[in-house]
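This is structure_13.pdb (PDB, C-alpha atoms).
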MODEL        1
ATOM      1  CA  TYR A 468     128.475  85.085 110.251
ATOM      2  CA  THR A 469     126.417  87.409 112.406
ATOM      3  CA  GLY A 470     124.225  84.521 113.560
ATOM      4  CA  MET A 471     127.266  82.443 114.466
ATOM      5  CA  LYS A 472     128.834  85.310 116.412
ATOM      6  CA  ALA A 473     125.549  85.653 118.310
ATOM      7  CA  GLY A 474     125.755  81.991 119.335
ATOM      8  CA  ARG A 475     122.966  80.774 117.066
ATOM      9  CA  GLU A 476     122.897  77.618 115.009
ATOM     10  CA  VAL A 477     123.519  78.400 111.329
ATOM     11  CA  THR A 478     123.522  76.514 108.040
ATOM     12  CA  TRP A 479     123.743  77.787 104.503
ATOM     13  CA  MET A 480     123.420  75.854 101.314
ATOM     14  CA  PRO A 481     124.157  77.588  98.007
ATOM     15  CA  ALA A 482     122.817  76.130  94.772
ATOM     16  CA  TYR A 483     124.950  76.862  91.741
ATOM     17  CA  GLY A 484     125.124  74.853  88.565
ATOM     18  CA  PRO A 485     123.281  75.396  85.306
ATOM     19  CA  GLU A 486     121.684  78.331  87.122
ATOM     20  CA  MET A 487     124.864  80.316  86.479
ATOM     21  CA  ARG A 488     123.901  80.468  82.815
ATOM     22  CA  GLY A 489     120.975  82.810  83.411
ATOM     23  CA  GLY A 490     118.447  80.908  85.501
ATOM     24  CA  THR A 491     117.881  81.216  89.210
ATOM     25  CA  CYS A 492     120.624  80.486  91.663
ATOM     26  CA  ASN A 493     119.814  80.480  95.324
ATOM     27  CA  CYS A 494     121.219  80.065  98.781
ATOM     28  CA  THR A 495     119.207  78.769 101.707
ATOM     29  CA  VAL A 496     120.242  80.186 105.082
ATOM     30  CA  VAL A 497     118.845  78.769 108.315
ATOM     31  CA  LEU A 498     119.287  80.562 111.649
ATOM     32  CA  SER A 499     117.988  78.867 114.778
ATOM     33  CA  ASP A 500     118.277  78.802 118.537
ATOM     34  CA  ARG A 501     118.074  74.977 118.369
ATOM     35  CA  PRO A 502     120.090  72.393 116.453
ATOM     36  CA  ILE A 503     119.192  72.420 112.752
ATOM     37  CA  GLY A 504     118.005  69.115 111.345
ATOM     38  CA  SER A 505     118.304  70.050 107.683
ATOM     39  CA  PRO A 506     119.737  72.957 105.687
ATOM     40  CA  ILE A 507     116.721  72.757 103.367
ATOM     41  CA  SER A 508     113.398  74.478 103.982
ATOM     42  CA  LYS A 509     110.271  73.879 101.926
ATOM     43  CA  SER A 510     108.550  76.864 103.513
ATOM     44  CA  PRO A 511     111.061  79.558 104.459
ATOM     45  CA  HIS A 512     110.242  82.601 106.554
ATOM     46  CA  ALA A 513     111.702  84.930 103.936
ATOM     47  CA  LEU A 514     112.785  85.412 100.347
ATOM     48  CA  ILE A 515     115.219  87.950  98.962
ATOM     49  CA  ALA A 516     114.502  87.998  95.224
ATOM     50  CA  LEU A 517     117.139  89.865  93.264
ATOM     51  CA  ASN A 518     115.670  88.987  89.842
ATOM     52  CA  LEU A 519     112.296  88.030  88.336
ATOM     53  CA  PRO A 520     113.041  84.321  87.735
ATOM     54  CA  SER A 521     113.852  83.979  91.445
ATOM     55  CA  LEU A 522     110.645  85.711  92.507
ATOM     56  CA  ASP A 523     108.631  83.557  90.114
ATOM     57  CA  LYS A 524     110.247  80.354  91.358
ATOM     58  CA  PHE A 525     110.272  80.921  95.125
ATOM     59  CA  GLU A 526     107.481  83.396  95.960
ATOM     60  CA  GLU A 527     104.818  80.807  96.776
ATOM     61  CA  ALA A 528     107.083  78.848  99.132
ATOM     62  CA  VAL A 529     107.361  81.673 101.696
ATOM     63  CA  ARG A 530     105.321  81.058 104.843
ATOM     64  CA  PRO A 531     102.344  83.287 105.597
ATOM     65  CA  GLU A 532     103.468  86.306 107.659
ATOM     66  CA  GLY A 533     106.947  85.988 106.130
ATOM     67  CA  VAL A 534     108.994  88.648 104.373
ATOM     68  CA  VAL A 535     109.563  88.970 100.630
ATOM     69  CA  VAL A 536     112.226  91.464  99.558
ATOM     70  CA  VAL A 537     111.905  92.433  95.889
ATOM     71  CA  ASN A 538     114.713  94.114  93.962
ATOM     72  CA  THR A 539     112.597  96.565  91.972
ATOM     73  CA  SER A 540     115.649  97.511  89.917
ATOM     74  CA  LEU A 541     115.289  94.236  88.032
ATOM     75  CA  ILE A 542     111.782  93.019  88.897
ATOM     76  CA  ASN A 543     108.781  94.699  87.302
ATOM     77  CA  ARG A 544     106.117  93.307  89.635
ATOM     78  CA  LEU A 545     105.444  92.807  93.309
ATOM     79  CA  PRO A 546     104.382  89.493  94.823
ATOM     80  CA  ASN A 547     100.837  88.351  94.244
ATOM     81  CA  ARG A 548     100.558  87.565  97.963
ATOM     82  CA  THR A 549      98.726  89.541 100.639
ATOM     83  CA  ASP A 550      99.821  87.338 103.554
ATOM     84  CA  VAL A 551     103.496  88.399 103.586
ATOM     85  CA  THR A 552     105.330  91.649 104.233
ATOM     86  CA  VAL A 553     106.610  92.907 100.895
ATOM     87  CA  VAL A 554     109.693  95.114 100.866
ATOM     88  CA  ALA A 555     110.295  96.831  97.537
ATOM     89  CA  VAL A 556     113.895  97.988  97.318
ATOM     90  CA  PRO A 557     115.635  99.360  94.208
ATOM     91  CA  ALA A 558     118.778  97.494  95.245
ATOM     92  CA  ASN A 559     120.824  98.211  92.137
ATOM     93  CA  GLU A 560     120.124 101.949  92.256
ATOM     94  CA  VAL A 561     120.820 102.109  95.989
ATOM     95  CA  ALA A 562     124.132 100.313  95.454
ATOM     96  CA  ILE A 563     125.188 102.658  92.656
ATOM     97  CA  GLU A 564     124.251 105.720  94.745
ATOM     98  CA  CYS A 565     126.333 104.304  97.610
ATOM     99  CA  GLY A 566     129.386 103.878  95.389
ATOM    100  CA  SER A 567     129.376 100.385  93.864
ATOM    101  CA  PRO A 568     126.868  98.378  91.833
ATOM    102  CA  LYS A 569     128.258  95.274  93.546
ATOM    103  CA  ALA A 570     126.586  96.349  96.826
ATOM    104  CA  ALA A 571     123.049  95.560  95.602
ATOM    105  CA  ASN A 572     123.027  92.435  97.755
ATOM    106  CA  MET A 573     123.827  94.569 100.818
ATOM    107  CA  ALA A 574     120.891  96.877 100.083
ATOM    108  CA  ALA A 575     118.609  93.835  99.811
ATOM    109  CA  LEU A 576     120.044  92.279 102.978
ATOM    110  CA  GLY A 577     119.525  95.553 104.827
ATOM    111  CA  ALA A 578     115.896  95.651 103.673
ATOM    112  CA  TYR A 579     115.354  92.142 105.003
ATOM    113  CA  LEU A 580     116.984  92.985 108.329
ATOM    114  CA  GLY A 581     114.902  96.137 108.671
ATOM    115  CA  ALA A 582     111.676  94.241 108.035
ATOM    116  CA  SER A 583     112.484  91.139 110.073
ATOM    117  CA  GLY A 584     114.814  92.142 112.897
ATOM    118  CA  VAL A 585     116.340  88.666 112.692
ATOM    119  CA  VAL A 586     119.771  90.001 113.696
ATOM    120  CA  GLN A 587     120.974  93.431 114.757
ATOM    121  CA  LEU A 588     122.152  95.867 112.098
ATOM    122  CA  ASP A 589     125.207  96.895 114.128
ATOM    123  CA  HIS A 590     126.319  93.272 114.361
ATOM    124  CA  VAL A 591     126.126  92.880 110.574
ATOM    125  CA  LYS A 592     128.082  96.110 110.130
ATOM    126  CA  ALA A 593     130.785  94.742 112.438
ATOM    127  CA  ILE A 594     131.075  91.581 110.313
ATOM    128  CA  ILE A 595     131.363  93.707 107.164
ATOM    129  CA  SER A 596     134.092  95.774 108.818
ATOM    130  CA  GLU A 597     135.997  92.585 109.675
ATOM    131  CA  SER A 598     135.493  90.991 106.267
ATOM    132  CA  PHE A 599     136.663  94.044 104.318
ATOM    133  CA  ALA A 600     139.201  95.395 106.816
ATOM    134  CA  ALA A 601     141.879  95.567 104.117
ATOM    135  CA  LYS A 602     139.563  97.578 101.844
ATOM    136  CA  PRO A 603     138.104 100.495 103.854
ATOM    137  CA  LYS A 604     136.287 101.931 100.808
ATOM    138  CA  LEU A 605     134.300  98.687 100.506
ATOM    139  CA  VAL A 606     133.392  98.866 104.188
ATOM    140  CA  GLU A 607     131.986 102.356 103.672
ATOM    141  CA  VAL A 608     130.025 101.413 100.534
ATOM    142  CA  ASN A 609     128.589  98.232 102.041
ATOM    143  CA  HIS A 610     127.639  99.971 105.293
ATOM    144  CA  ALA A 611     125.855 102.710 103.345
ATOM    145  CA  ALA A 612     123.926 100.247 101.142
ATOM    146  CA  LEU A 613     123.008  98.124 104.157
ATOM    147  CA  ALA A 614     121.734 101.161 106.077
ATOM    148  CA  ARG A 615     119.679 102.478 103.133
ATOM    149  CA  GLY A 616     118.098  99.064 102.650
ATOM    150  CA  PHE A 617     117.474  98.735 106.387
ATOM    151  CA  ALA A 618     115.476 101.982 106.420
ATOM    152  CA  LEU A 619     113.331 100.756 103.521
ATOM    153  CA  GLY A 620     112.730  97.456 105.307
ATOM    154  CA  GLN A 621     111.725  99.162 108.542
ATOM    155  CA  ALA A 622     109.307 101.409 106.644
ATOM    156  CA  ALA A 623     107.702  98.417 104.906
ATOM    157  CA  ALA A 624     107.335  96.514 108.176
ATOM    158  CA  THR A 625     105.785  99.532 109.894
ATOM    159  CA  ALA A 626     103.343 100.022 107.005
ATOM    160  CA  ALA A 627     102.382  96.320 107.121
ATOM    161  CA  VAL A 628     101.484  96.578 110.812
ATOM    162  CA  HIS A 629      99.201  99.583 110.378
TER     163      HIS A 629
ENDMDL
END
Take the structure in the file and write it out as C-alpha coordinates.
Amino acid sequence: YTGMKAGREVTWMPAYGPEMRGGTCNCTVVLSDRPIGSPISKSPHALIALNLPSLDKFEEAVRPEGVVVVNTSLINRLPNRTDVTVVAVPANEVAIECGSPKAANMAALGAYLGASGVVQLDHVKAIISESFAAKPKLVEVNHAALARGFALGQAAATAAVH
(Lines of atoms letter the chains of each structure in order from A and count residues from 1; the text may use other names and numbers.)
(Lines give C-alpha, C1' and ligand atoms only; values in the text may rest on other atoms or scores of the structure.)
Protein backbone atom coordinates (compact mmCIF):
# COMPACT_ATOMS: atom_id res chain seq x y z
CA TYR A 1 0.00 0.00 0.00
CA THR A 2 2.86 2.35 0.76
CA GLY A 3 4.31 1.84 -2.71
CA MET A 4 0.96 2.55 -4.33
CA LYS A 5 0.47 5.72 -2.28
CA ALA A 6 3.94 6.83 -3.41
CA GLY A 7 2.87 6.44 -7.05
CA ARG A 8 4.93 3.33 -7.74
CA GLU A 9 3.89 0.29 -9.71
CA VAL A 10 3.06 -2.60 -7.37
CA THR A 11 2.14 -6.27 -7.68
CA TRP A 12 1.84 -8.94 -5.04
CA MET A 13 1.24 -12.60 -5.50
CA PRO A 14 0.59 -14.78 -2.45
CA ALA A 15 1.08 -18.53 -2.67
CA TYR A 16 -1.13 -20.52 -0.34
CA GLY A 17 -2.23 -24.10 -0.77
CA PRO A 18 -0.72 -27.24 0.69
CA GLU A 19 1.82 -24.87 2.23
CA MET A 20 -0.76 -24.01 4.89
CA ARG A 21 -0.24 -27.47 6.36
CA GLY A 22 3.25 -26.71 7.61
CA GLY A 23 5.41 -26.09 4.55
CA THR A 24 6.49 -22.75 3.18
CA CYS A 25 3.97 -20.21 2.06
CA ASN A 26 5.19 -17.08 0.37
CA CYS A 27 4.16 -13.81 -1.15
CA THR A 28 6.09 -12.10 -3.91
CA VAL A 29 5.90 -8.30 -3.84
CA VAL A 30 7.25 -6.22 -6.72
CA LEU A 31 7.72 -2.45 -6.42
CA SER A 32 8.89 -0.54 -9.48
CA ASP A 33 9.06 2.89 -11.04
CA ARG A 34 8.19 1.27 -14.40
CA PRO A 35 5.34 -0.97 -15.51
CA ILE A 36 5.75 -4.50 -14.13
CA GLY A 37 5.81 -7.25 -16.72
CA SER A 38 5.33 -10.14 -14.31
CA PRO A 39 4.51 -10.55 -10.62
CA ILE A 40 7.05 -13.38 -10.43
CA SER A 41 10.76 -12.92 -9.82
CA LYS A 42 13.33 -15.69 -10.12
CA SER A 43 15.98 -13.53 -8.46
CA PRO A 44 14.42 -11.12 -5.96
CA HIS A 45 16.29 -8.28 -4.29
CA ALA A 46 15.20 -9.46 -0.85
CA LEU A 47 13.86 -12.28 1.28
CA ILE A 48 12.05 -12.05 4.59
CA ALA A 49 12.29 -15.56 6.04
CA LEU A 50 10.03 -16.05 9.03
CA ASN A 51 10.78 -19.79 9.38
CA LEU A 52 13.56 -22.25 8.48
CA PRO A 53 11.77 -24.00 5.59
CA SER A 54 11.36 -20.60 3.91
CA LEU A 55 15.02 -19.71 4.37
CA ASP A 56 16.07 -23.11 3.05
CA LYS A 57 13.81 -22.82 0.01
CA PHE A 58 14.40 -19.21 -1.04
CA GLU A 59 17.84 -18.15 0.26
CA GLU A 60 19.78 -18.97 -2.91
CA ALA A 61 17.38 -17.07 -5.18
CA VAL A 62 18.19 -13.65 -3.67
CA ARG A 63 20.36 -11.49 -5.93
CA PRO A 64 23.90 -10.64 -4.85
CA GLU A 65 23.89 -7.41 -2.80
CA GLY A 66 20.30 -8.14 -1.76
CA VAL A 67 18.84 -8.28 1.74
CA VAL A 68 17.93 -11.41 3.69
CA VAL A 69 15.93 -10.87 6.87
CA VAL A 70 16.05 -13.89 9.19
CA ASN A 71 13.59 -14.38 12.04
CA THR A 72 16.02 -15.73 14.62
CA SER A 73 13.11 -16.56 16.92
CA LEU A 74 12.34 -19.56 14.72
CA ILE A 75 15.47 -20.00 12.58
CA ASN A 76 18.59 -21.48 14.14
CA ARG A 77 21.05 -20.48 11.41
CA LEU A 78 22.00 -17.50 9.31
CA PRO A 79 22.31 -17.60 5.53
CA ASN A 80 25.31 -19.33 4.05
CA ARG A 81 25.82 -16.33 1.76
CA THR A 82 28.43 -13.59 2.04
CA ASP A 83 27.15 -11.53 -0.91
CA VAL A 84 23.93 -10.30 0.75
CA THR A 85 23.14 -8.10 3.73
CA VAL A 86 21.85 -10.36 6.49
CA VAL A 87 19.50 -8.89 9.07
CA ALA A 88 18.98 -11.12 12.09
CA VAL A 89 15.83 -10.10 13.93
CA PRO A 90 14.15 -12.01 16.78
CA ALA A 91 10.77 -11.07 15.32
CA ASN A 92 8.63 -13.15 17.65
CA GLU A 93 10.33 -11.81 20.78
CA VAL A 94 10.16 -8.23 19.51
CA ALA A 95 6.45 -8.65 18.80
CA ILE A 96 5.73 -10.07 22.25
CA GLU A 97 7.71 -7.26 23.92
CA CYS A 98 5.69 -4.74 21.88
CA GLY A 99 2.39 -6.23 23.03
CA SER A 100 1.27 -8.90 20.56
CA PRO A 101 2.87 -12.03 19.12
CA LYS A 102 0.91 -11.33 15.93
CA ALA A 103 3.20 -8.34 15.19
CA ALA A 104 6.22 -10.52 14.30
CA ASN A 105 5.66 -9.74 10.62
CA MET A 106 5.85 -6.01 11.41
CA ALA A 107 9.18 -6.47 13.18
CA ALA A 108 10.51 -8.35 10.14
CA LEU A 109 9.10 -5.75 7.73
CA GLY A 110 10.71 -2.98 9.77
CA ALA A 111 14.06 -4.79 9.62
CA TYR A 112 13.79 -5.01 5.84
CA LEU A 113 12.87 -1.34 5.53
CA GLY A 114 15.76 -0.32 7.78
CA ALA A 115 18.24 -2.31 5.72
CA SER A 116 16.89 -1.45 2.28
CA GLY A 117 15.28 1.99 2.46
CA VAL A 118 12.86 0.85 -0.24
CA VAL A 119 10.06 3.01 1.21
CA GLN A 120 9.97 5.50 4.06
CA LEU A 121 9.18 4.27 7.56
CA ASP A 122 6.79 7.16 8.24
CA HIS A 123 4.78 6.27 5.14
CA VAL A 124 4.39 2.67 6.32
CA LYS A 125 3.34 3.90 9.77
CA ALA A 126 0.67 6.07 8.13
CA ILE A 127 -0.72 3.04 6.26
CA ILE A 128 -0.81 1.05 9.51
CA SER A 129 -2.65 3.92 11.20
CA GLU A 130 -5.23 3.93 8.39
CA SER A 131 -5.59 0.15 8.29
CA PHE A 132 -6.12 -0.22 12.04
CA ALA A 133 -7.88 3.10 12.71
CA ALA A 134 -10.72 1.32 14.51
CA LYS A 135 -8.24 -0.50 16.78
CA PRO A 136 -5.81 2.08 18.25
CA LYS A 137 -4.06 -0.54 20.43
CA LEU A 138 -3.08 -2.45 17.27
CA VAL A 139 -1.71 0.73 15.73
CA GLU A 140 0.51 1.25 18.76
CA VAL A 141 1.74 -2.36 18.84
CA ASN A 142 2.44 -2.50 15.10
CA HIS A 143 4.22 0.87 15.11
CA ALA A 144 6.42 -0.26 18.00
CA ALA A 145 7.33 -3.59 16.34
CA LEU A 146 8.00 -1.86 13.02
CA ALA A 147 10.27 0.71 14.67
CA ARG A 148 12.23 -1.91 16.65
CA GLY A 149 12.76 -3.96 13.51
CA PHE A 150 13.72 -0.85 11.54
CA ALA A 151 16.51 -0.05 14.02
CA LEU A 152 17.87 -3.60 13.70
CA GLY A 153 17.77 -3.34 9.91
CA GLN A 154 19.59 -0.02 9.89
CA ALA A 155 22.28 -1.43 12.19
CA ALA A 156 22.79 -4.46 9.94
CA ALA A 157 23.02 -2.30 6.82
CA THR A 158 25.53 0.03 8.48
CA ALA A 159 27.64 -2.94 9.63
CA ALA A 160 27.57 -4.42 6.10
CA VAL A 161 28.95 -1.19 4.62
CA HIS A 162 31.89 -0.97 7.02
Leaving out stretch 552-565 of chain A and any residue of its chain fewer than 4 positions from it, which residues lie within 8 Å of it when counting all atoms listed in the file, given as a PDB file with C-alpha atoms, keeping the file's coordinate frame?
ATOM      1  CA  GLU A 532     103.468  86.306 107.659  1.00  0.00           C
ATOM      2  CA  GLY A 533     106.947  85.988 106.130  1.00  0.00           C
ATOM      3  CA  VAL A 534     108.994  88.648 104.373  1.00  0.00           C
ATOM      4  CA  VAL A 535     109.563  88.970 100.630  1.00  0.00           C
ATOM      5  CA  VAL A 536     112.226  91.464  99.558  1.00  0.00           C
ATOM      6  CA  VAL A 537     111.905  92.433  95.889  1.00  0.00           C
ATOM      7  CA  ASN A 538     114.713  94.114  93.962  1.00  0.00           C
ATOM      8  CA  THR A 539     112.597  96.565  91.972  1.00  0.00           C
ATOM      9  CA  SER A 540     115.649  97.511  89.917  1.00  0.00           C
ATOM     10  CA  LEU A 541     115.289  94.236  88.032  1.00  0.00           C
ATOM     11  CA  LEU A 545     105.444  92.807  93.309  1.00  0.00           C
ATOM     12  CA  PRO A 546     104.382  89.493  94.823  1.00  0.00           C
ATOM     13  CA  LYS A 569     128.258  95.274  93.546  1.00  0.00           C
ATOM     14  CA  ALA A 570     126.586  96.349  96.826  1.00  0.00           C
ATOM     15  CA  ALA A 571     123.049  95.560  95.602  1.00  0.00           C
ATOM     16  CA  ASN A 572     123.027  92.435  97.755  1.00  0.00           C
ATOM     17  CA  MET A 573     123.827  94.569 100.818  1.00  0.00           C
ATOM     18  CA  ALA A 574     120.891  96.877 100.083  1.00  0.00           C
ATOM     19  CA  ALA A 575     118.609  93.835  99.811  1.00  0.00           C
ATOM     20  CA  ALA A 578     115.896  95.651 103.673  1.00  0.00           C
ATOM     21  CA  TYR A 579     115.354  92.142 105.003  1.00  0.00           C
ATOM     22  CA  ALA A 582     111.676  94.241 108.035  1.00  0.00           C
ATOM     23  CA  VAL A 608     130.025 101.413 100.534  1.00  0.00           C
ATOM     24  CA  ASN A 609     128.589  98.232 102.041  1.00  0.00           C
ATOM     25  CA  ALA A 611     125.855 102.710 103.345  1.00  0.00           C
ATOM     26  CA  ALA A 612     123.926 100.247 101.142  1.00  0.00           C
ATOM     27  CA  ARG A 615     119.679 102.478 103.133  1.00  0.00           C
ATOM     28  CA  GLY A 616     118.098  99.064 102.650  1.00  0.00           C
ATOM     29  CA  LEU A 619     113.331 100.756 103.521  1.00  0.00           C
ATOM     30  CA  GLY A 620     112.730  97.456 105.307  1.00  0.00           C
ATOM     31  CA  ALA A 623     107.702  98.417 104.906  1.00  0.00           C
ATOM     32  CA  ALA A 624     107.335  96.514 108.176  1.00  0.00           C
ATOM     33  CA  ALA A 627     102.382  96.320 107.121  1.00  0.00           C
TER      34      ALA A 627
END
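Shortest separation to A:Ile515 among A:Ser567, A:Asn493, A:Ser499, A:Thr478 occurs at residue A:Asn493, atoms counted being all atoms listed in the file.
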**OP:** For A:Ser505, please output as a PyMOL selection string all residues within 12 Å (counting all atoms listed in the file; exclusion window: fewer than 5 positions along the same chain).
**Re:** chain A and resi 476-480+495-499
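For the pair atom CA of A:Phe617 and atom CA of A:Leu580, the interatomic distance is 6.1 Å.
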**OP:** Rank nothing, just name the residue among A:Arg548, A:Val591, A:Cys494, A:Gly581 nearest to A:Ala516, using all atoms listed in the file.
**Re:**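 Closest to A:Ala516 of all the choices is A:Cys494.
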Original post:
Separation of atom CA of A:Val586 and atom CA of A:Gly470, in Å?
Top reply: 7.1 Å
**OP:** Would you mind reading off the distance between atom CA of A:Thr469 and atom CA of A:Ser598, one decimal, in Å?
**Re:**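 Between atom CA of A:Thr469 and atom CA of A:Ser598 the gap is 11.5 Å.
Residue nearest A:His512 within the list A:Gly566, A:Ser583, A:Arg544, A:Leu576: A:Ser583 [criterion: smallest interatomic distance, only C-alpha atoms].
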Original post:
Which one is closest to A:Glu526: A:Ile507, A:Cys492, A:Leu613, A:Val551? Count only C-alpha atoms.
Top reply: A:Val551
**OP:** Just say which residues the PyMOL selection byres ((chain A and resi 595) around 10) picks in this file, as a list in words.
**Re:**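 Here the PyMOL selection byres ((chain A and resi 595) around 10) matches Tyr468, Thr469, Met573, Asp589, His590, Val591, Lys592, Ala593, Ile594, Ser596, Glu597, Ser598, Phe599, Ala600, Leu605, Val606, Glu607, Asn609, His610 and Leu613 of chain A.
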